[in-house]
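Below is data_20.cif, which holds mmCIF, C-alpha atoms.
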data_start
loop_
_atom_site.label_atom_id
_atom_site.label_comp_id
_atom_site.auth_asym_id
_atom_site.auth_seq_id
_atom_site.Cartn_x
_atom_site.Cartn_y
_atom_site.Cartn_z
CA MET A 1 31.71 20.71 -67.52
CA LYS A 2 30.61 18.06 -65.04
CA LYS A 3 27.90 19.11 -62.62
CA GLY A 4 30.12 18.68 -59.56
CA ASN A 5 32.88 20.71 -61.17
CA LEU A 6 30.52 23.51 -62.09
CA MET A 7 29.11 23.61 -58.55
CA ILE A 8 32.50 23.94 -56.84
CA TRP A 9 33.59 26.77 -59.17
CA LEU A 10 30.19 28.46 -58.83
CA ALA A 11 30.26 28.21 -55.03
CA GLY A 12 33.77 29.67 -54.85
CA VAL A 13 33.04 32.54 -57.23
CA VAL A 14 29.74 33.49 -55.58
CA ILE A 15 31.21 33.30 -52.07
CA GLY A 16 34.16 35.46 -53.16
CA LEU A 17 31.87 38.08 -54.73
CA ILE A 18 29.59 38.07 -51.68
CA ALA A 19 32.65 38.74 -49.50
CA VAL A 20 33.48 41.78 -51.64
CA GLY A 21 29.85 42.94 -51.66
CA LEU A 22 29.45 42.70 -47.89
CA VAL A 23 32.43 45.05 -47.43
CA LEU A 24 30.72 47.61 -49.66
CA PHE A 25 27.64 47.30 -47.46
CA GLY A 26 29.48 47.67 -44.18
CA ASN A 27 31.57 44.64 -43.18
CA PRO A 28 35.25 45.36 -42.43
CA VAL A 29 37.71 45.53 -45.33
CA ASN A 30 39.21 42.11 -46.16
CA MET A 31 36.64 40.62 -43.79
CA GLY A 32 33.51 40.44 -45.90
CA PHE A 33 33.23 36.92 -44.61
CA CYS A 34 35.09 35.08 -41.88
CA THR A 35 33.66 32.15 -39.96
CA ALA A 36 36.13 32.31 -37.06
CA CYS A 37 35.94 36.10 -36.65
CA PHE A 38 32.17 36.08 -36.86
CA GLU A 39 31.81 33.25 -34.33
CA ARG A 40 34.16 35.24 -32.10
CA ASP A 41 31.90 38.28 -32.52
CA ILE A 42 28.92 36.11 -31.55
CA ALA A 43 30.76 34.96 -28.40
CA GLY A 44 31.26 38.65 -27.65
CA ALA A 45 27.65 39.56 -28.38
CA LEU A 46 26.57 36.98 -25.81
CA GLY A 47 29.01 38.37 -23.26
CA PHE A 48 31.08 35.18 -23.16
CA HIS A 49 34.03 37.52 -23.59
CA ARG A 50 33.96 41.26 -23.10
CA ALA A 51 36.48 42.47 -25.67
CA ALA A 52 34.72 45.71 -26.61
CA PRO A 53 35.67 45.89 -30.32
CA VAL A 54 34.48 42.38 -31.23
CA GLN A 55 30.88 42.00 -30.07
CA TYR A 56 28.14 41.57 -32.64
CA LEU A 57 25.70 38.79 -33.37
CA ARG A 58 26.78 38.16 -36.94
CA PRO A 59 23.76 36.96 -38.95
CA GLU A 60 26.07 35.47 -41.60
CA ILE A 61 26.81 32.51 -39.31
CA ILE A 62 23.11 31.91 -38.66
CA GLY A 63 22.52 32.17 -42.41
CA ILE A 64 25.19 29.58 -43.24
CA LEU A 65 23.58 27.09 -40.90
CA PHE A 66 20.10 27.63 -42.33
CA GLY A 67 21.35 27.68 -45.92
CA ALA A 68 23.02 24.32 -45.36
CA LEU A 69 19.92 23.01 -43.56
CA ALA A 70 17.73 24.03 -46.50
CA ALA A 71 20.09 22.52 -49.08
CA SER A 72 20.32 19.25 -47.17
CA LEU A 73 16.55 19.05 -46.67
CA ILE A 74 15.81 19.75 -50.33
CA ALA A 75 18.33 17.12 -51.47
CA LYS A 76 17.07 14.72 -48.78
CA GLU A 77 20.59 14.65 -47.34
CA PHE A 78 19.70 15.94 -43.88
CA LYS A 79 20.69 13.29 -41.40
CA ALA A 80 21.01 13.61 -37.63
CA GLU A 81 24.16 11.76 -36.63
CA GLY A 82 27.01 12.02 -34.17
CA GLY A 83 28.93 10.29 -31.44
CA SER A 84 32.35 10.21 -33.07
CA SER A 85 34.60 11.39 -30.22
CA ALA A 86 32.38 14.40 -29.54
CA LEU A 87 34.42 15.88 -26.68
CA THR A 88 37.66 15.53 -28.64
CA ARG A 89 36.03 17.46 -31.47
CA PHE A 90 34.89 20.17 -29.03
CA ILE A 91 38.48 20.54 -27.79
CA LEU A 92 39.83 20.60 -31.36
CA GLY A 93 37.27 23.33 -32.07
CA ILE A 94 38.78 25.38 -29.23
CA PHE A 95 42.27 24.88 -30.71
CA VAL A 96 41.09 25.87 -34.19
CA MET A 97 39.77 29.14 -32.77
CA ILE A 98 42.94 29.84 -30.77
CA GLY A 99 44.98 29.41 -33.96
CA ALA A 100 42.58 31.44 -36.10
CA LEU A 101 42.58 34.34 -33.65
CA VAL A 102 46.38 34.45 -33.69
CA PHE A 103 46.40 34.67 -37.50
CA LEU A 104 43.25 36.82 -37.38
CA GLY A 105 40.98 34.80 -39.62
CA CYS A 106 39.76 31.39 -40.67
CA PRO A 107 41.00 29.73 -43.89
CA LEU A 108 38.16 31.46 -45.75
CA ARG A 109 39.34 34.89 -44.61
CA MET A 110 42.87 33.78 -45.49
CA MET A 111 41.78 33.51 -49.15
CA ILE A 112 39.86 36.80 -48.87
CA ARG A 113 42.88 38.58 -47.37
CA LEU A 114 45.06 37.15 -50.14
CA GLY A 115 42.60 38.50 -52.71
CA GLY A 116 43.07 41.93 -51.15
CA GLY A 117 46.84 41.68 -51.59
CA ASP A 118 47.61 40.96 -47.91
CA MET A 119 50.84 38.97 -48.14
CA ASN A 120 50.65 38.04 -44.46
CA ALA A 121 47.90 35.69 -45.61
CA LEU A 122 50.39 34.01 -47.94
CA VAL A 123 52.54 33.24 -44.91
CA GLY A 124 49.37 31.98 -43.24
CA LEU A 125 48.55 29.83 -46.27
CA LEU A 126 51.99 28.20 -46.09
CA GLY A 127 51.35 27.44 -42.43
CA PHE A 128 47.87 26.12 -43.20
CA VAL A 129 49.21 23.80 -45.90
CA ALA A 130 51.96 22.62 -43.55
CA GLY A 131 49.37 21.93 -40.84
CA VAL A 132 47.16 19.93 -43.20
CA VAL A 133 50.21 17.99 -44.49
CA VAL A 134 51.06 16.97 -40.92
CA GLY A 135 47.40 16.07 -40.35
CA VAL A 136 47.47 13.88 -43.48
CA GLN A 137 50.40 11.94 -42.01
CA PHE A 138 48.21 11.06 -39.03
CA LEU A 139 45.39 10.06 -41.40
CA LYS A 140 47.79 7.85 -43.37
CA LYS A 141 48.90 6.16 -40.17
CA GLY A 142 45.27 5.31 -39.36
CA PHE A 143 43.98 8.30 -37.39
CA ASP A 144 40.28 7.75 -36.73
CA LEU A 145 37.89 9.42 -34.31
CA GLY A 146 35.41 6.56 -34.71
CA GLN A 147 32.13 6.03 -36.51
CA THR A 148 29.11 8.25 -36.10
CA GLN A 149 25.75 6.79 -35.13
CA ALA A 150 22.34 7.79 -36.41
CA GLN A 151 20.50 9.99 -33.91
CA SER A 152 16.96 11.23 -33.56
CA LYS A 153 16.08 14.17 -35.79
CA THR A 154 15.82 16.49 -32.76
CA ASN A 155 19.58 16.19 -32.20
CA GLY A 156 20.34 17.48 -35.67
CA LEU A 157 17.99 20.41 -35.26
CA LEU A 158 19.37 21.62 -31.90
CA LEU A 159 22.07 23.95 -33.23
CA PRO A 160 19.80 25.39 -35.95
CA GLY A 161 17.27 25.91 -33.13
CA ILE A 162 19.80 27.76 -31.01
CA MET A 163 20.72 29.88 -34.02
CA ALA A 164 17.05 30.68 -34.64
CA ALA A 165 16.74 31.82 -31.01
CA LEU A 166 19.81 34.04 -31.43
CA LEU A 167 18.32 35.57 -34.56
CA LEU A 168 15.16 36.33 -32.62
CA LEU A 169 17.24 38.04 -29.91
CA LEU A 170 19.04 40.08 -32.56
CA ILE A 171 15.78 41.24 -34.10
CA LEU A 172 13.91 41.92 -30.85
CA ARG A 173 16.95 43.23 -28.94
CA PRO A 174 15.48 42.81 -25.47
CA VAL A 175 17.29 44.38 -22.51
CA PHE A 176 17.42 42.22 -19.38
CA ASN A 177 19.74 44.47 -17.42
CA ALA A 178 19.52 48.17 -18.19
CA GLU A 179 22.69 49.03 -16.24
CA ALA A 180 25.11 46.30 -17.24
CA GLY A 181 23.63 45.62 -20.66
CA GLY A 182 22.68 42.23 -22.03
CA PRO A 183 21.66 39.70 -23.02
CA LEU A 184 23.33 41.00 -26.18
CA PHE A 185 26.35 43.28 -26.34
CA PHE A 186 27.28 45.36 -29.35
CA SER A 187 30.58 47.01 -30.19
CA LYS A 188 30.45 50.77 -30.59
CA GLU A 189 33.73 50.82 -32.46
CA GLY A 190 36.17 48.29 -33.90
CA PRO A 191 35.64 45.49 -36.42
CA ALA A 192 32.34 44.30 -34.98
CA ALA A 193 30.86 47.81 -35.17
CA GLN A 194 31.25 47.50 -38.93
CA HIS A 195 28.56 45.37 -40.43
CA ALA A 196 26.07 45.19 -43.24
CA SER A 197 22.35 45.19 -42.38
CA VAL A 198 20.86 42.15 -40.64
CA LEU A 199 18.79 41.19 -43.67
CA LEU A 200 21.66 41.47 -46.11
CA SER A 201 24.07 39.56 -43.87
CA LEU A 202 21.51 36.85 -43.22
CA GLY A 203 20.74 36.53 -46.94
CA ALA A 204 24.45 36.35 -47.77
CA GLY A 205 24.92 33.63 -45.16
CA LEU A 206 21.99 31.65 -46.56
CA ILE A 207 23.49 31.68 -50.06
CA VAL A 208 26.96 30.77 -48.79
CA GLY A 209 25.56 27.94 -46.65
CA TYR A 210 23.43 26.62 -49.50
CA LEU A 211 26.27 26.64 -52.05
CA ALA A 212 28.82 25.29 -49.59
CA GLN A 213 26.54 22.36 -48.78
CA LYS A 214 25.85 21.61 -52.43
CA SER A 215 29.52 21.82 -53.43
CA ARG A 216 31.04 20.30 -50.21
CA LEU A 217 33.42 23.29 -50.31
CA CYS A 218 36.19 22.95 -47.73
CA MET A 219 39.51 24.78 -47.51
CA ALA A 220 41.19 22.04 -45.46
CA GLY A 221 39.72 19.33 -47.68
CA GLY A 222 41.08 21.16 -50.73
CA VAL A 223 44.66 20.98 -49.51
CA ARG A 224 44.21 17.50 -48.03
CA ASP A 225 42.90 15.90 -51.22
CA VAL A 226 45.73 17.37 -53.29
CA VAL A 227 48.33 16.06 -50.83
CA LEU A 228 46.65 12.71 -50.32
CA MET A 229 45.56 11.77 -53.83
CA LYS A 230 46.37 14.62 -56.21
CA ASP A 231 42.65 15.40 -56.40
CA TRP A 232 42.17 19.12 -57.13
CA HIS A 233 38.37 19.04 -56.99
CA LEU A 234 37.84 20.79 -53.63
CA ALA A 235 40.89 23.02 -54.06
CA LYS A 236 39.14 24.60 -57.05
CA GLY A 237 36.69 26.15 -54.61
CA SER A 238 39.44 27.91 -52.66
CA ILE A 239 41.10 29.05 -55.89
CA ALA A 240 37.75 30.39 -57.15
CA ILE A 241 37.26 32.37 -53.93
CA LEU A 242 40.72 33.92 -54.27
CA LEU A 243 40.18 34.85 -57.93
CA ALA A 244 36.68 36.22 -57.34
CA VAL A 245 37.79 38.38 -54.42
CA PHE A 246 40.81 39.66 -56.34
CA LEU A 247 38.79 40.47 -59.46
CA GLY A 248 35.92 41.87 -57.40
CA ASN A 249 38.27 44.21 -55.52
CA LEU A 250 39.93 45.15 -58.81
CA ILE A 251 36.63 45.99 -60.52
CA VAL A 252 35.43 48.01 -57.51
CA GLY A 253 38.66 50.02 -57.76
CA LEU A 254 38.54 50.45 -61.55
CA LEU A 255 34.92 51.59 -61.54
CA GLY A 256 35.55 53.87 -58.55
CA ILE A 257 32.66 52.34 -56.60
CA LYS A 258 32.40 53.71 -53.07
CA GLY A 259 30.63 51.76 -50.38
CA VAL A 260 30.22 52.00 -46.61
CA ASN A 261 33.68 50.43 -46.67
CA THR A 262 35.59 50.16 -49.91
CA PRO A 263 37.64 47.07 -50.69
CA VAL A 264 41.04 47.73 -52.20
CA ILE A 265 43.99 45.72 -53.41
CA ASN A 266 46.95 46.73 -51.32
CA LEU A 267 49.82 44.41 -52.17
CA GLY A 268 52.31 43.94 -49.37
CA PHE A 269 52.77 43.09 -45.71
CA ALA A 270 52.44 46.45 -43.96
CA SER A 271 49.26 48.29 -42.91
CA GLN A 272 46.85 45.53 -43.90
CA PRO A 273 43.30 45.71 -42.53
CA ILE A 274 42.83 43.75 -39.27
CA ALA A 275 46.14 41.91 -39.63
CA HIS A 276 49.65 41.86 -38.20
CA SER A 277 52.98 40.96 -39.76
CA GLU A 278 54.44 38.57 -37.19
CA TYR A 279 55.39 35.95 -39.77
CA LEU A 280 56.13 33.07 -37.43
CA TRP A 281 52.79 33.44 -35.64
CA ASN A 282 50.78 33.86 -38.82
CA PHE A 283 52.42 30.62 -39.99
CA LEU A 284 51.95 28.72 -36.74
CA GLY A 285 48.46 30.11 -36.06
CA LEU A 286 47.09 28.79 -39.34
CA GLY A 287 49.34 25.74 -39.00
CA LEU A 288 47.36 24.86 -35.90
CA VAL A 289 44.10 25.50 -37.77
CA GLY A 290 45.26 23.26 -40.65
CA LEU A 291 46.35 20.41 -38.41
CA ALA A 292 43.22 20.45 -36.26
CA SER A 293 40.94 20.86 -39.31
CA ALA A 294 42.56 17.88 -41.04
CA LEU A 295 41.91 15.74 -37.95
CA LEU A 296 38.34 17.07 -37.70
CA GLY A 297 37.73 16.28 -41.38
CA GLY A 298 36.88 19.83 -42.38
CA CYS A 299 37.63 23.54 -42.05
CA PRO A 300 35.53 25.91 -39.89
CA LEU A 301 33.16 26.69 -42.79
CA ARG A 302 32.62 22.99 -43.47
CA GLN A 303 31.90 22.37 -39.76
CA LEU A 304 29.13 25.00 -39.89
CA VAL A 305 27.70 23.46 -43.04
CA LEU A 306 27.78 19.92 -41.63
CA SER A 307 26.05 21.17 -38.45
CA GLY A 308 23.27 22.55 -40.62
CA ALA A 309 22.96 19.16 -42.32
CA GLY A 310 22.42 17.43 -38.98
CA ASN A 311 25.92 16.42 -37.85
CA THR A 312 26.02 16.97 -34.08
CA ASP A 313 29.78 16.30 -33.89
CA SER A 314 30.29 19.31 -36.15
CA ALA A 315 27.77 21.25 -34.06
CA LEU A 316 29.94 20.55 -31.01
CA THR A 317 33.00 21.66 -32.97
CA VAL A 318 31.24 24.96 -33.74
CA LEU A 319 30.32 25.37 -30.06
CA GLY A 320 33.95 24.54 -29.22
CA MET A 321 35.05 27.34 -31.51
CA ILE A 322 32.68 29.82 -29.82
CA PHE A 323 33.95 28.62 -26.42
CA GLY A 324 37.50 28.93 -27.76
CA ALA A 325 36.85 32.54 -28.76
CA ALA A 326 35.84 33.31 -25.17
CA ILE A 327 39.01 31.61 -23.91
CA SER A 328 41.13 33.49 -26.43
CA HIS A 329 39.86 36.93 -25.49
CA ASN A 330 39.42 36.37 -21.76
CA PHE A 331 42.90 34.89 -21.38
CA MET A 332 44.61 37.43 -23.65
CA LEU A 333 45.41 34.83 -26.31
CA ALA A 334 44.01 36.71 -29.29
CA ALA A 335 46.21 38.73 -31.61
CA SER A 336 45.28 42.20 -32.83
CA PRO A 337 46.73 44.51 -35.46
CA ALA A 338 49.12 45.59 -32.66
CA GLY A 339 50.63 42.10 -32.65
CA VAL A 340 50.57 38.73 -30.91
CA PRO A 341 50.54 38.72 -27.09
CA ILE A 342 53.08 36.51 -25.34
CA PHE A 343 50.39 34.24 -23.87
CA ALA A 344 49.05 33.61 -27.37
CA LYS A 345 52.45 32.30 -28.41
CA TYR A 346 52.53 29.83 -25.53
CA ALA A 347 48.93 28.85 -26.27
CA VAL A 348 49.58 28.14 -29.96
CA VAL A 349 52.64 25.99 -29.25
CA ILE A 350 50.86 24.06 -26.48
CA ALA A 351 47.74 23.62 -28.64
CA ILE A 352 49.84 22.29 -31.55
CA MET A 353 51.46 19.75 -29.22
CA LEU A 354 48.12 18.71 -27.72
CA THR A 355 46.55 18.38 -31.19
CA ALA A 356 49.46 16.17 -32.24
CA LEU A 357 48.91 14.15 -29.06
CA ILE A 358 45.24 13.74 -29.97
CA GLY A 359 46.40 12.62 -33.43
CA TRP A 360 48.90 10.17 -32.00
CA THR A 361 46.58 8.64 -29.41
CA ASN A 362 43.75 8.07 -31.90
CA LEU A 363 45.69 6.00 -34.39
CA GLU A 364 43.78 2.85 -35.26
CA ARG A 365 45.52 -0.12 -33.69
CA SER A 366 45.40 -2.93 -36.19
CA MET B 1 36.07 -12.84 -54.32
CA PRO B 2 34.87 -9.25 -54.01
CA ILE B 3 36.56 -7.20 -51.30
CA GLU B 4 34.08 -5.46 -49.03
CA ILE B 5 34.89 -2.26 -47.15
CA ASP B 6 32.53 -0.90 -44.52
CA ALA B 7 33.13 2.85 -44.34
CA ARG B 8 29.77 3.81 -42.89
CA GLY B 9 29.83 6.62 -40.34
CA LEU B 10 33.47 7.54 -40.96
CA SER B 11 34.32 11.19 -41.37
CA CYS B 12 36.18 12.67 -44.32
CA PRO B 13 38.48 11.48 -45.84
CA LEU B 14 38.56 8.00 -44.29
CA PRO B 15 36.07 6.32 -46.67
CA VAL B 16 38.04 7.36 -49.75
CA MET B 17 41.35 6.48 -48.05
CA LYS B 18 40.13 2.95 -47.33
CA ALA B 19 38.94 2.60 -50.93
CA LYS B 20 42.24 3.99 -52.21
CA GLU B 21 44.20 1.48 -50.15
CA ALA B 22 42.22 -1.41 -51.63
CA ILE B 23 42.47 -0.09 -55.21
CA GLU B 24 46.21 0.45 -54.94
CA LYS B 25 46.78 -3.16 -53.92
CA GLY B 26 46.19 -3.75 -57.62
CA THR B 27 43.57 -6.44 -57.22
CA ASP B 28 41.45 -7.44 -60.20
CA ASP B 29 38.59 -8.28 -57.86
CA GLU B 30 35.58 -6.11 -57.49
CA ILE B 31 35.72 -3.79 -54.49
CA ILE B 32 32.51 -3.04 -52.66
CA VAL B 33 32.44 0.08 -50.48
CA LEU B 34 29.58 0.80 -48.10
CA VAL B 35 29.15 4.45 -47.15
CA ASN B 36 26.35 6.40 -45.53
CA SER B 37 26.87 9.94 -46.74
CA PRO B 38 26.51 11.47 -50.20
CA THR B 39 29.84 13.26 -49.72
CA ALA B 40 31.67 9.98 -49.10
CA LYS B 41 29.87 8.46 -52.08
CA GLU B 42 31.03 11.31 -54.34
CA ASN B 43 34.61 11.20 -53.00
CA VAL B 44 34.98 7.44 -53.42
CA THR B 45 33.40 7.56 -56.88
CA ARG B 46 35.66 10.40 -58.02
CA PHE B 47 38.81 8.64 -56.86
CA ALA B 48 37.77 5.23 -58.18
CA GLU B 49 36.92 6.61 -61.62
CA TRP B 50 40.19 8.53 -61.69
CA SER B 51 41.94 5.23 -60.93
CA GLY B 52 40.24 3.61 -63.90
CA ARG B 53 37.51 1.73 -62.07
CA LEU B 54 33.92 1.55 -63.21
CA VAL B 55 31.58 2.58 -60.43
CA GLU B 56 28.03 1.39 -59.96
CA SER B 57 26.16 2.76 -57.00
CA SER B 58 22.91 1.73 -55.41
CA ALA B 59 21.04 3.09 -52.43
CA GLU B 60 20.35 0.69 -49.59
CA GLY B 61 18.15 2.49 -47.07
CA VAL B 62 20.29 5.30 -45.66
CA ASN B 63 23.46 3.71 -47.06
CA PHE B 64 25.06 3.58 -50.47
CA ARG B 65 26.68 0.49 -51.92
CA LEU B 66 29.43 1.29 -54.40
CA ASN B 67 30.69 -1.47 -56.67
CA LEU B 68 34.11 -0.62 -58.04
CA LYS B 69 34.82 -2.85 -61.01
CA LYS B 70 38.08 -3.18 -62.81
CA GLY B 71 37.79 -1.18 -66.04
CA ASP B 72 39.74 -1.39 -69.28
CA THR B 73 41.63 1.84 -68.81
CA LYS B 74 44.18 2.92 -66.31
#
As structure tokens, please, write out the structure in this file.
Amino acid sequence: MKKGNLMIWLAGVVIGLIAVGLVLFGNPVNMGFCTACFERDIAGALGFHRAAPVQYLRPEIIGILFGALAASLIAKEFKAEGGSSALTRFILGIFVMIGALVFLGCPLRMMIRLGGGDMNALVGLLGFVAGVVVGVQFLKKGFDLGQTQAQSKTNGLLLPGIMAALLLLLILRPVFNAEAGGPLFFSKEGPAAQHASVLLSLGAGLIVGYLAQKSRLCMAGGVRDVVLMKDWHLAKGSIAILLAVFLGNLIVGLLGIKGVNTPVINLGFASQPIAHSEYLWNFLGLGLVGLASALLGGCPLRQLVLSGAGNTDSALTVLGMIFGAAISHNFMLAASPAGVPIFAKYAVVIAIMLTALIGWTNLERS
Amino acid sequence: MPIEIDARGLSCPLPVMKAKEAIEKGTDDEIIVLVNSPTAKENVTRFAEWSGRLVESSAEGVNFRLNLKKGDTK
């Protein structure tokens, strides 16, 4: 097997198994890993939104960034660069998060939910593919956000620096305001109250970030390359994640392993963990994620990895996603297992139209 | 006359799309693609080889120069 091929399968399998393992050690069921949910939890931990069940400074995200930083430094691929329509990317990051929080998960969690038998994620996958297909049409017509420029090394290290500061806050847990709480807020119940230990989560993130950088794993890229040039290379990573999660859950069940939380395969639409069954909105939510990710050139996981490797445009996309999480929860745009609020429906439709407008207005004029 | 494509600083998947466009024009000429990221280098190489081109790559500072030559197979 070619080295590149081996790496993409390896990355997918390991990431899938880590997702299963993190559930056993405390992360929510079907949410061993989720970049959008965990960035949303970080927004909550910093008090950017005050949705009580989703506030925790998830070390997995910090780990991904440092894992990717390490991989890029070792391979001498770290390169500070940016300046390709930075504000547009920030806005697209907001839209990605709005869509992800309507579906309740990023494309990575979509594969993880599928591996747990959650058929709502299949509806989401159809929407995601549809979104990427529309995005590919823009790419074919010459969509281009412009070239990046080389920047000083400091630029590329800013987001890793911020993440290091957050990690320090998480470890030291200082209290600035004894009455109101802060600077960090932690859920007492709900998804964000369920988490593996800091060390384990951080280690898992490091491995995921390292492997994702080495393999260039990207859920949006997987679909895009198949649509655009029948190239299944990146898609193998997504398939590997799905298979590893499914088999991991299956083995946990067969061996009767009990963890803090226990992953199960529960095939169907009803009563799925941290999910709802509003088909149209699962489809459109991830449709928005697919479209915006195709225009951005990568899914939320890939944006984190590129930020770690020095890309400041991706760093701004990540910050846009964190900002978007605050918007989603503060403006009642986020879905919950109870369903999709009416404002979220307006927001998704408007965001799809605005993303298409961004696509349309950035076509290369030849 | 070799065809030269400057795809430096473009985000995914534009470098490979530009290379694909040139390859699919069916030219017998050599196609030279300049990229500045290892990911773009891998993507262009993978597609070019799949299309039956022989790829030679060389590093030029922070950039990569990919020479896509017409091979025997298609």
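In chain B, the set of residues within 8 Å of chain A (atoms considered: all atoms listed in the file) is Arg8, Gly9, Leu10, Ser11, Cys12, Pro13, Leu14, Ser37, Pro38, Thr39 and Phe47 of chain B.
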TODO: Apply the PyMOL selection byres ((chain A and resi 131) around 9) to the file shown and report the selected residues as a PyMOL selection string.
DONE: chain A and resi 126-130+132-136+284+286-294
TODO: Rank nothing, just name the residue among B:Ala7, B:Ile23, B:Asn36, B:Phe64 nearest to Trp50 of chain B, using only C-alpha atoms.
DONE: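 Ranking B:Ala7, B:Ile23, B:Asn36, B:Phe64 by distance to Trp50 of chain B, first place goes to B:Ile23.
We find atom CA of Leu267 of chain A and atom CA of Phe25 of chain A to be spaced 22.9 Å apart.
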Task: Closest of A:Pro300, A:Pro263, A:Pro59, A:Gly285 to Arg113 of chain A - atom-to-atom distances counting all atoms listed in the file - done: A:Pro263
Open item on the list: Applying 8 Å and all atoms listed in the file, which residues near Ser277 of chain A remain after dropping the ones on its own chain fewer than 4 positions away? List them as a list of chain:residue names.
Closed with: A:Asn120, A:Phe269, A:Ala270, A:Asn282, A:Gly339
- [ ] One decimal, Å: what's the distance from atom CA of Leu243 of chain A over to atom CA of Leu6 of chain A, could you say?
- [x]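 According to the coordinates, atom CA of Leu243 of chain A and atom CA of Leu6 of chain A are separated by 15.5 Å.
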Open item on the list: What does the structure give for the distance between atom CA of Ile350 of chain A and atom CA of Ala335 of chain A, in Å to one decimal?
Closed with: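 It comes out at 16.2 Å.
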Open item on the list: Under the PyMOL selection byres ((chain A and resi 61) around 10), which residues of this model are included? Write them out as a VMD selection string.
Closed with: chain A and resid 33 to 36 38 to 39 42 57 to 60 62 to 67 163 201 to 202 204 to 206 208 to 209 301 304 to 305
